[in-house]
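J.: File name input-v1.tsv; file contents TSV, C-alpha atoms; full text below.
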chain	number	residue	atom	x	y	z
N	14	MET	CA	-0.56	-26.90	181.33
N	15	LYS	CA	-1.13	-23.15	181.24
N	16	LYS	CA	2.61	-22.57	180.90
N	17	PHE	CA	2.79	-25.08	178.08
N	18	LEU	CA	-0.05	-23.37	176.16
N	19	LEU	CA	1.54	-19.96	176.75
N	20	ILE	CA	4.91	-21.18	175.42
N	21	LEU	CA	3.20	-22.82	172.45
N	22	ILE	CA	1.25	-19.66	171.54
N	23	VAL	CA	4.33	-17.44	171.90
N	24	GLY	CA	6.36	-19.94	169.88
N	25	LEU	CA	3.79	-20.04	167.09
N	26	PHE	CA	3.68	-16.26	167.11
N	27	MET	CA	7.50	-16.05	166.77
N	28	VAL	CA	7.93	-18.67	164.03
N	29	PRO	CA	7.19	-16.27	161.11
N	30	PHE	CA	9.78	-13.81	162.42
N	31	CYS	CA	12.43	-16.51	162.59
N	32	PHE	CA	12.12	-17.24	158.89
N	33	ALA	CA	11.76	-13.62	157.76
N	34	GLN	CA	14.54	-12.32	155.54
N	35	GLU	CA	15.91	-8.91	154.77
N	36	PRO	CA	14.61	-7.61	151.47
N	37	SER	CA	17.21	-8.28	148.83
N	38	ALA	CA	18.01	-6.28	145.73
N	39	PRO	CA	15.74	-7.19	142.86
N	40	ALA	CA	17.17	-9.83	140.60
N	41	LYS	CA	18.77	-8.44	137.50
N	42	THR	CA	17.01	-9.53	134.39
N	43	ALA	CA	17.79	-8.88	130.79
N	44	PRO	CA	16.17	-5.66	129.60
N	45	ALA	CA	13.03	-6.15	127.61
N	46	PRO	CA	13.55	-5.61	123.91
N	47	ALA	CA	12.53	-2.19	122.72
N	48	ALA	CA	9.02	-2.12	121.40
N	49	VAL	CA	9.01	-1.83	117.65
N	50	PRO	CA	6.43	0.75	116.65
N	51	ALA	CA	3.89	-0.38	114.14
N	52	PRO	CA	4.53	1.16	110.78
N	53	ALA	CA	2.47	4.30	110.44
N	54	ALA	CA	0.12	4.52	107.53
N	55	VAL	CA	2.09	6.42	104.97
N	56	PRO	CA	-0.15	8.76	103.00
N	57	ALA	CA	0.03	8.39	99.28
N	58	PRO	CA	2.24	10.96	97.62
N	59	THR	CA	0.46	13.95	96.18
N	60	MET	CA	0.37	14.80	92.52
N	61	VAL	CA	-0.58	18.08	90.85
N	62	ILE	CA	-2.64	18.46	87.70
N	63	SER	CA	-3.73	21.63	85.88
N	64	GLY	CA	-6.60	22.14	83.53
N	65	LYS	CA	-10.11	23.54	83.09
N	66	ILE	CA	-13.13	22.38	85.04
N	67	ASN	CA	-15.56	20.40	82.89
N	68	SER	CA	-18.14	19.73	85.65
N	69	VAL	CA	-18.62	19.90	89.41
N	70	THR	CA	-20.86	17.52	91.35
N	71	LEU	CA	-21.78	18.63	94.85
N	72	GLY	CA	-21.98	15.82	97.36
N	73	ASP	CA	-25.10	14.63	99.15
N	74	VAL	CA	-24.36	12.79	102.38
N	75	ALA	CA	-27.92	11.51	102.71
N	76	LYS	CA	-27.72	9.85	99.30
N	77	GLY	CA	-24.11	8.71	99.73
N	78	ILE	CA	-22.87	10.88	96.87
N	79	ARG	CA	-19.35	12.23	97.30
N	80	PRO	CA	-18.40	15.57	95.74
N	81	GLU	CA	-16.57	15.19	92.45
N	82	ILE	CA	-14.91	17.40	89.88
N	83	VAL	CA	-14.15	16.52	86.29
N	84	LEU	CA	-11.51	18.52	84.53
N	85	ILE	CA	-9.85	18.54	81.16
N	86	ASP	CA	-6.10	18.56	81.71
N	87	ASP	CA	-3.62	20.53	79.62
N	88	SER	CA	-3.21	17.59	77.22
N	89	GLY	CA	-7.00	17.44	76.59
N	90	LYS	CA	-7.62	14.31	78.69
N	91	GLU	CA	-10.70	14.14	80.94
N	92	VAL	CA	-9.81	13.46	84.59
N	93	LYS	CA	-12.43	12.59	87.24
N	94	MET	CA	-11.66	12.90	90.91
N	95	LYS	CA	-13.52	12.86	94.19
N	96	VAL	CA	-13.10	15.84	96.48
N	97	SER	CA	-11.92	15.05	100.00
N	98	SER	CA	-14.22	16.16	102.82
N	99	ASN	CA	-11.37	18.24	104.24
N	100	ALA	CA	-10.09	19.56	100.89
N	101	VAL	CA	-9.05	23.20	100.72
N	102	ILE	CA	-10.45	25.23	97.82
N	103	ASN	CA	-8.88	28.62	97.12
N	104	ASP	CA	-9.78	31.33	94.64
N	105	LYS	CA	-7.07	33.02	92.57
N	106	ASP	CA	-6.39	35.47	95.43
N	107	GLY	CA	-5.79	32.62	97.90
N	108	ASN	CA	-9.08	33.08	99.78
N	109	LYS	CA	-10.95	29.94	100.81
N	110	VAL	CA	-14.15	29.30	98.89
N	111	SER	CA	-16.67	26.47	98.88
N	112	LEU	CA	-17.01	23.83	96.19
N	113	ASP	CA	-20.21	25.38	94.88
N	114	LYS	CA	-18.19	28.45	93.78
N	115	LEU	CA	-16.40	26.34	91.15
N	116	SER	CA	-17.94	26.22	87.69
N	117	SER	CA	-17.30	24.81	84.27
N	118	GLY	CA	-14.56	26.53	82.28
N	119	GLN	CA	-12.52	27.81	85.23
N	120	SER	CA	-8.78	27.11	85.15
N	121	VAL	CA	-7.55	25.20	88.21
N	122	SER	CA	-4.54	23.50	89.67
N	123	VAL	CA	-5.52	20.42	91.69
N	124	THR	CA	-3.34	18.59	94.21
N	125	TYR	CA	-4.59	15.03	94.64
N	126	ARG	CA	-3.76	11.60	96.03
N	127	THR	CA	-4.38	8.28	94.33
N	128	THR	CA	-6.07	5.67	96.54
N	129	LYS	CA	-5.18	1.97	96.61
N	130	SER	CA	-8.14	1.31	94.35
N	131	GLY	CA	-6.75	3.78	91.80
N	132	SER	CA	-9.26	6.59	92.21
N	133	LYS	CA	-8.06	10.16	92.59
N	134	VAL	CA	-9.03	12.30	95.59
N	135	ALA	CA	-8.49	16.07	95.46
N	136	VAL	CA	-7.04	17.60	98.63
N	137	LEU	CA	-6.32	21.12	97.31
N	138	VAL	CA	-8.00	23.02	94.48
N	139	LYS	CA	-6.66	26.42	93.41
N	140	LEU	CA	-8.33	28.62	90.85
N	141	THR	CA	-5.63	29.94	88.54
N	142	ALA	CA	-7.54	32.32	86.30
Could you spell out this file's structure in structure tokens?
T.:
Amino acid sequence: MKKFLLILIVGLFMVPFCFAQEPSAPAKTAPAPAAVPAPAAVPAPTMVISGKINSVTLGDVAKGIRPEIVLIDDSGKEVKMKVSSNAVINDKDGNKVSLDKLSSGQSVSVTYRTTKSGSKVAVLVKLTA
């Protein structure tokens, strides 16, 4: 009986090795299709307008008021636009200045983008005179 149990235990121990296989090369599968990148948000094209400043409104974050400039373009039309929070404002020498340095009557060239809702947002304001 002891021999029988010994043979049975050794046999059960050997069974997994009898059915073991050599690792085979991985099955070839069709390559996954290349991931199509999501279309990047294309910024609206910029436009440039020149004119004289009619008014400047400084923003107030606490009250939810965004900075805004109103200018009279070269054809005499009034144009309102918000000023982007990261807009660059340069004096006539090219030095950066803050929005509060702009005043009524100054000649400017403004680079802006038009939003989907149709409002204009200034991204670059240059004093020209």
J.: Kindly give the distance, in Å, that separates CA of Ser132 (chain N) and CA of Leu115 (chain N), rounded to a single decimal.
T.: 21.0 Å
J.: Nearest to Gly131 (chain N): which of N:Leu21, N:Met94, N:Ile62, N:Val83 is it, counting all atoms listed in the file?
T.: N:Met94
J.: What does the distance from CA of Met60 (chain N) to CA of Asp113 (chain N) come to in Å, to one decimal?
T.: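 Rounded to one decimal, the two atoms are 23.3 Å apart.
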J.: Kindly give the distance, in Å, that separates CA of Arg126 (chain N) and CA of Val96 (chain N), rounded to a single decimal.
T.: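 The value is 10.3 Å.
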J.: I'd like the neighbourhood of Pro58 (chain N) as a ChimeraX atom specification, where a residue qualifies if any of its atoms comes within 12 Å (using all atoms listed in the file), though same-chain residues fewer than 6 positions away should be ignored.
T.: /N:124-129,133-134,136
J.: At a cut-off of 12 Å, using all atoms listed in the file, what residues contact Ser122 (chain N)? Leave out same-chain residues fewer than 6 positions from it and give the result as a ChimeraX atom specification.
T.: /N:60-66,84-87,101-105,135-142
